[in-house]
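Data file: query.txt. Format and content: compact mmCIF, C-alpha atoms and all ligand atoms.
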```
# COMPACT_ATOMS: atom_id res chain seq x y z
CA MET A 1 -12.50 13.40 -9.92
CA ARG A 2 -15.47 13.83 -7.59
CA ILE A 3 -14.97 14.82 -3.95
CA GLY A 4 -15.92 11.38 -2.57
CA GLU A 5 -13.55 9.61 -4.92
CA LYS A 6 -10.78 12.02 -4.04
CA MET A 7 -11.24 11.23 -0.35
CA VAL A 8 -11.08 7.50 -1.06
CA SER A 9 -7.97 8.02 -3.14
CA ARG A 10 -6.26 10.15 -0.50
CA ALA A 11 -7.17 7.75 2.30
CA GLY A 12 -5.85 4.94 0.13
CA GLN A 13 -2.44 6.59 0.17
CA LEU A 14 -2.29 5.94 3.88
CA ILE A 15 -3.93 2.58 4.32
CA ASN A 16 -2.22 0.42 1.79
CA ILE A 17 0.19 -2.39 1.24
CA PRO A 18 3.41 -0.35 1.11
CA GLY A 19 2.93 0.77 4.71
CA ILE A 20 2.93 -2.82 5.88
CA LEU A 21 4.89 -4.81 3.32
CA ALA A 22 7.71 -2.42 2.40
CA PRO A 23 9.31 -2.08 5.85
CA LEU A 24 9.25 -5.87 6.24
CA LEU A 25 10.92 -6.30 2.87
CA VAL A 26 13.55 -3.67 3.72
CA LEU A 27 14.31 -5.38 7.04
CA ARG A 28 15.03 -8.55 5.12
CA HIS A 29 16.70 -6.91 2.10
CA PRO A 30 18.13 -3.49 3.10
CA SER A 31 19.62 -2.99 -0.38
CA TRP A 32 16.10 -2.88 -1.87
CA ALA A 33 15.61 0.56 -0.29
CA ILE A 34 18.58 2.01 -2.17
CA PRO A 35 18.10 3.18 -5.77
CA HIS A 36 20.82 2.67 -8.36
CA TYR A 37 20.54 6.35 -9.26
CA GLY A 38 19.02 9.51 -7.82
CA VAL A 39 18.22 12.45 -10.06
CA GLU A 40 16.17 15.64 -9.85
CA THR A 41 13.69 14.63 -12.57
CA ILE A 42 13.63 12.10 -15.41
CA ASN A 43 15.49 14.72 -17.46
CA GLY A 44 18.60 13.41 -15.69
CA ILE A 45 18.24 10.00 -17.37
CA ASP A 46 19.96 9.21 -20.65
CA PHE A 47 17.47 6.71 -22.11
CA GLU A 48 19.39 6.33 -25.33
CA ARG A 49 22.51 5.30 -23.46
CA ALA A 50 20.46 2.98 -21.25
CA ALA A 51 19.12 1.27 -24.38
CA ARG A 52 22.66 0.88 -25.68
CA HIS A 53 23.60 -0.80 -22.38
CA GLY A 54 20.80 -3.34 -22.84
CA ILE A 55 17.82 -1.74 -21.08
CA LYS A 56 14.62 -2.68 -22.94
CA GLY A 57 12.08 -0.35 -21.37
CA ALA A 58 10.90 1.67 -18.41
CA VAL A 59 8.23 1.40 -15.71
CA PHE A 60 7.25 4.89 -14.57
CA ASP A 61 5.47 5.91 -11.42
CA LYS A 62 2.85 8.58 -12.15
CA ASP A 63 2.31 10.94 -9.19
CA ASN A 64 5.23 13.30 -8.68
CA THR A 65 7.28 11.49 -11.31
CA LEU A 66 5.37 12.14 -14.55
CA THR A 67 2.55 14.38 -13.33
CA GLY A 68 1.80 16.52 -10.30
CA PRO A 69 0.60 14.53 -7.28
CA LEU A 70 -2.90 13.06 -7.43
CA VAL A 71 -3.94 15.20 -10.35
CA GLU A 72 -5.63 14.21 -13.54
CA GLY A 73 -3.69 15.95 -16.18
CA ASP A 74 -1.04 15.84 -18.80
CA ILE A 75 2.54 14.84 -18.25
CA HIS A 76 4.27 17.67 -16.35
CA PRO A 77 5.58 20.15 -18.94
CA ASP A 78 9.10 20.02 -17.46
CA VAL A 79 9.47 16.31 -18.24
CA ALA A 80 7.07 15.74 -21.14
CA ASP A 81 9.74 15.80 -23.88
CA LYS A 82 11.89 13.34 -21.94
CA PHE A 83 8.98 10.98 -21.36
CA TYR A 84 8.05 10.94 -25.05
CA GLU A 85 11.72 10.43 -25.91
CA ALA A 86 11.72 7.31 -23.72
CA VAL A 87 8.61 6.06 -25.53
CA ASN A 88 10.30 6.63 -28.89
CA ILE A 89 13.45 4.81 -27.83
CA PHE A 90 11.88 1.77 -26.16
CA GLY A 91 8.54 1.59 -27.96
CA ALA A 92 5.15 2.11 -26.28
CA GLU A 93 4.78 -1.62 -25.55
CA ASP A 94 7.83 -1.51 -23.26
CA VAL A 95 6.89 1.65 -21.37
CA LEU A 96 4.42 1.15 -18.55
CA VAL A 97 2.86 3.56 -16.07
CA SER A 98 2.57 1.83 -12.71
CA SER A 99 0.90 3.92 -10.04
CA ASN A 100 -0.52 3.35 -6.58
CA SER A 101 -3.33 5.80 -7.38
CA ILE A 102 -4.61 5.24 -10.93
CA GLY A 103 -4.91 1.56 -11.86
CA SER A 104 -5.21 0.60 -8.18
CA ASN A 105 -8.33 -0.21 -6.18
CA ASP A 106 -8.57 3.52 -5.33
CA ASP A 107 -9.27 4.17 -9.01
CA LEU A 108 -12.96 3.29 -9.28
CA GLY A 109 -13.67 1.41 -12.51
CA TYR A 110 -10.08 2.22 -13.55
CA GLU A 111 -11.44 5.47 -14.94
CA GLY A 112 -8.24 7.33 -14.09
CA ALA A 113 -6.10 4.71 -15.82
CA ALA A 114 -8.25 4.81 -18.95
CA ALA A 115 -8.30 8.62 -18.91
CA LEU A 116 -4.49 8.85 -18.85
CA GLU A 117 -4.14 6.28 -21.63
CA THR A 118 -6.60 8.25 -23.75
CA ARG A 119 -4.80 11.50 -23.01
CA LEU A 120 -1.38 10.02 -23.88
CA ASP A 121 -2.83 8.47 -27.06
CA ASN A 122 0.46 6.77 -27.93
CA GLY A 123 -0.09 3.16 -26.86
CA VAL A 124 1.53 3.50 -23.42
CA ARG A 125 -0.51 1.50 -20.91
CA VAL A 126 -1.35 2.04 -17.26
CA LEU A 127 -1.04 -1.14 -15.22
CA ARG A 128 -4.28 -2.31 -13.63
CA ARG A 129 -2.98 -3.61 -10.32
CA GLY A 130 -6.13 -3.60 -8.16
CA TRP A 131 -5.25 -3.99 -4.50
CA LEU A 132 -1.72 -5.15 -5.35
CA LYS A 133 -0.11 -1.80 -4.71
CA LYS A 134 3.64 -1.37 -4.95
CA PRO A 135 5.79 -3.02 -3.63
CA ALA A 136 3.34 -5.84 -4.48
CA GLY A 137 2.28 -6.65 -8.05
CA LYS A 138 5.45 -8.16 -9.50
CA ARG A 139 3.62 -10.85 -11.43
CA ALA A 140 1.07 -8.42 -12.91
CA THR A 141 3.94 -6.19 -14.04
CA GLN A 142 5.80 -9.06 -15.68
CA GLU A 143 2.64 -10.19 -17.46
CA ALA A 144 2.26 -6.69 -18.93
CA LEU A 145 5.79 -6.61 -20.38
CA SER A 146 7.57 -8.68 -22.98
CA HIS A 147 11.13 -8.88 -21.57
CA PRO A 148 12.33 -10.14 -18.17
CA LEU A 149 11.87 -7.44 -15.53
CA ASN A 150 15.64 -7.10 -14.97
CA LYS A 151 15.82 -5.48 -18.44
CA TYR A 152 13.66 -2.53 -17.33
CA MET A 153 14.24 0.66 -15.41
CA GLY A 154 11.93 1.31 -12.45
CA ILE A 155 11.48 5.05 -11.95
CA GLY A 156 9.67 6.88 -9.14
CA ASP A 157 9.82 9.32 -6.24
CA ARG A 158 9.00 7.03 -3.31
CA VAL A 159 11.34 4.58 -1.61
CA PHE A 160 8.79 2.27 0.01
CA THR A 161 6.73 1.95 -3.13
CA ASP A 162 8.70 2.63 -6.31
CA ILE A 163 12.26 1.78 -5.30
CA VAL A 164 11.55 -1.26 -3.13
CA PHE A 165 9.23 -2.56 -5.85
CA GLY A 166 11.73 -1.94 -8.66
CA ASN A 167 14.61 -3.58 -6.81
CA ARG A 168 12.41 -6.47 -5.78
CA CYS A 169 11.66 -7.01 -9.48
CA GLY A 170 15.37 -6.84 -10.35
CA MET A 171 14.99 -3.56 -12.25
CA LEU A 172 17.56 -0.82 -12.52
CA THR A 173 16.02 1.71 -10.12
CA ILE A 174 16.01 5.49 -10.35
CA ARG A 175 14.64 7.81 -7.68
CA VAL A 176 13.47 11.25 -8.73
CA ASN A 177 12.67 14.17 -6.46
CA PRO A 178 8.94 14.95 -6.19
CA PHE A 179 7.74 17.98 -8.16
CA THR A 180 6.09 19.22 -5.00
CA SER A 181 5.09 17.98 -1.57
CA GLU A 182 2.28 20.56 -1.42
CA ASN A 183 -0.52 18.09 -2.06
CA ASP A 184 0.86 15.45 0.31
CA ILE A 185 -1.42 14.45 3.13
CA LYS A 186 0.20 14.36 6.56
CA GLY A 187 0.92 10.64 6.44
CA VAL A 188 2.70 10.85 3.10
CA SER A 189 4.97 13.74 4.10
CA GLY A 190 5.82 11.80 7.27
CA MET A 191 6.63 8.74 5.17
CA ARG A 192 8.82 10.84 2.85
CA ARG A 193 10.83 12.09 5.84
CA LEU A 194 11.14 8.54 7.15
CA GLU A 195 12.28 7.31 3.74
CA GLY A 196 14.89 10.07 3.56
CA ARG A 197 16.23 9.18 6.99
CA LEU A 198 16.24 5.49 6.11
CA ILE A 199 18.35 6.09 2.99
CA GLU A 200 20.69 8.36 4.94
CA ALA A 201 21.16 5.68 7.60
CA LEU A 202 21.47 2.70 5.28
CA HIS A 203 23.42 4.23 2.41
CA GLY A 204 25.09 7.23 4.03
CA ARG A 205 26.15 5.69 7.32
CA LEU A 206 26.15 1.93 6.85
CA GLY A 207 27.28 1.96 3.22
CA VAL A 208 24.43 -0.22 1.97
CA GLN A 209 24.38 -0.18 -1.84
CA ALA A 210 21.63 -0.90 -4.33
CA PRO A 211 21.49 -4.55 -5.43
CA ALA A 212 24.19 -5.53 -7.91
CA HIS A 213 22.85 -5.09 -11.45
CA GLU A 214 24.55 -6.29 -14.61
CA LEU A 215 23.26 -3.34 -16.66
CA TYR A 216 24.38 -0.66 -14.18
CA ASN A 217 26.52 1.99 -15.81
CA PRO A 218 27.25 5.42 -14.30
CA SER A 219 26.82 7.15 -17.66
CA ILE A 220 23.07 6.37 -17.70
CA CYS A 221 22.48 9.12 -15.11
CA VAL A 222 25.36 11.56 -15.04
CA GLY A 223 25.31 13.54 -11.78
CA SER A 224 23.36 10.89 -9.89
CA HIS A 225 23.17 11.26 -6.11
CA PHE A 226 23.99 7.56 -5.89
CA ASN A 227 27.01 7.34 -8.11
CA GLY A 228 28.92 4.67 -6.27
CA ARG A 229 29.84 1.38 -7.78
CA TYR A 230 26.99 -1.04 -7.28
MG MG A 301 4.91 9.00 -6.88
```
Just dump the structure as structure tokens.
Ligand SMILES: [Mg+2]
Amino acid sequence: MRIGEKMVSRAGQLINIPGILAPLLVLRHPSWAIPHYGVETINGIDFERAARHGIKGAVFDKDNTLTGPLVEGDIHPDVADKFYEAVNIFGAEDVLVSSNSIGSNDDLGYEGAAALETRLDNGVRVLRRGWLKKPAGKRATQEALSHPLNKYMGIGDRVFTDIVFGNRCGMLTIRVNPFTSENDIKGVSGMRRLEGRLIEALHGRLGVQAPAHELYNPSICVGSHFNGRY
């Protein structure tokens, strides 16, 4: 990535739809901010069990979920085996990478999206979502997948993007901890703190739960931070 593109991409993390749309959606639907599960990394997810409970696939965030933040590179070595296991279980056509960096309007010519697809070389696609950053882009996501969206898991590290988007789509949502916050720009680390406080207030103090989901089962993520009955 060239310096100029990197600046556009980093600025795009600040000035984007999630900053405006997500808080409005959460005001109206507080449960959309609460994931069904919270785990350290995707290694805490039992994809085989999820498939047995009727889950058909997974929509993964990229930055700080599959790879380091805003880096072009391979899947993080700590989670690579688990990611490829998910692809084996669900099939590449039902695993989608959905990022607010690559595949968005910050990704000039979708070069980043194409580069990751080439690097993965297993048929897994990166959603081209243009300016429809998460939590927008529900229709584009549905058009990219073969089953109804409530049969998929939505997995990511950010509340206002990944979790609100996943719940809005009716997915079973899983929040992972970021690999690192080192590369976060000021605005993103501030948003992370705000998201943490929001979850603490809504879930911890007010008892707000994730939306009811017919495929929820505690055994899909043993040791989840959000192991209540939803
Ligand atoms: Mg992320």
task: Could I get the residue neighbourhood of ligand MG 301 (chain A) at 8 Å, counting only C-alpha atoms and all ligand atoms, as a PyMOL selection string?
output: chain A and resi 61-65+69+99-100+156-158+162+178
task: Grab the CA of Asp46 in chain A to CA of Ala80 in chain A distance for me, in Å with one decimal place.
output: 14.5 Å
field: Gap from CA of Val222 in chain A to CA of Ile45 in chain A - Å, one decimal
entry: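 Between CA of Val222 in chain A and CA of Ile45 in chain A the gap works out to 7.7 Å.
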For His225 in chain A, work out the shell of residues within 10 Å, counting all atoms listed in the file and skipping chain neighbours fewer than 4 positions away, then give it as a PDB file with C-alpha atoms, in the frame of the given file.
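Listing of out.pdb after writing:
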```pdb
ATOM      1  CA  PRO A  35      18.100   3.180  -5.770  1.00  0.00           C
ATOM      2  CA  HIS A  36      20.820   2.670  -8.360  1.00  0.00           C
ATOM      3  CA  TYR A  37      20.540   6.350  -9.260  1.00  0.00           C
ATOM      4  CA  GLY A  38      19.020   9.510  -7.820  1.00  0.00           C
ATOM      5  CA  VAL A  39      18.220  12.450 -10.060  1.00  0.00           C
ATOM      6  CA  GLU A  40      16.170  15.640  -9.850  1.00  0.00           C
ATOM      7  CA  ARG A 175      14.640   7.810  -7.680  1.00  0.00           C
ATOM      8  CA  CYS A 221      22.480   9.120 -15.110  1.00  0.00           C
TER       9      CYS A 221
END
```
field: Using only C-alpha atoms: which of A:Val159, A:Ile34, A:Val71, A:Leu96 has the shortest distance to Gly112 in chain A
entry: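 Between A:Val159, A:Ile34, A:Val71, A:Leu96, the residue approaching Gly112 in chain A most closely is A:Val71.
If you look at CA of Glu195 in chain A and CA of Gly154 in chain A, they are 17.3 Å away from each other.
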Skipping near chain neighbours, those fewer than 5 positions away, what residues fall within 6 Å of Ser104 in chain A using only C-alpha atoms, listed as an mmCIF file with C-alpha atoms, in the frame of the given file?
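So the final result, stored in around-v2.cif, reads:
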```cif
data_model
loop_
_atom_site.group_PDB
_atom_site.id
_atom_site.type_symbol
_atom_site.label_atom_id
_atom_site.label_comp_id
_atom_site.auth_asym_id
_atom_site.auth_seq_id
_atom_site.Cartn_x
_atom_site.Cartn_y
_atom_site.Cartn_z
ATOM 1 C CA ARG A 129 -2.980 -3.610 -10.320
ATOM 2 C CA GLY A 130 -6.130 -3.600 -8.160
ATOM 3 C CA TRP A 131 -5.250 -3.990 -4.500
#
```
field: Residues within 8 Å of range 166-168 of chain A, all atoms listed in the file, excluding chain neighbours under 3 positions, as a list in words
entry: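 What passes the distance filter is Trp32, Ala33, Pro35, Pro135, Met153, Gly154, Ile155, Asp162, Ile163, Met171, Leu172, Thr173, Ala210 and Pro211 of chain A.
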- prompt: Restricting the calculation to all atoms listed in the file, which member of A:Asn177, A:Ala212, A:Val164, A:Ser146 is positioned closest to Leu24 in chain A?
  reply: A:Val164
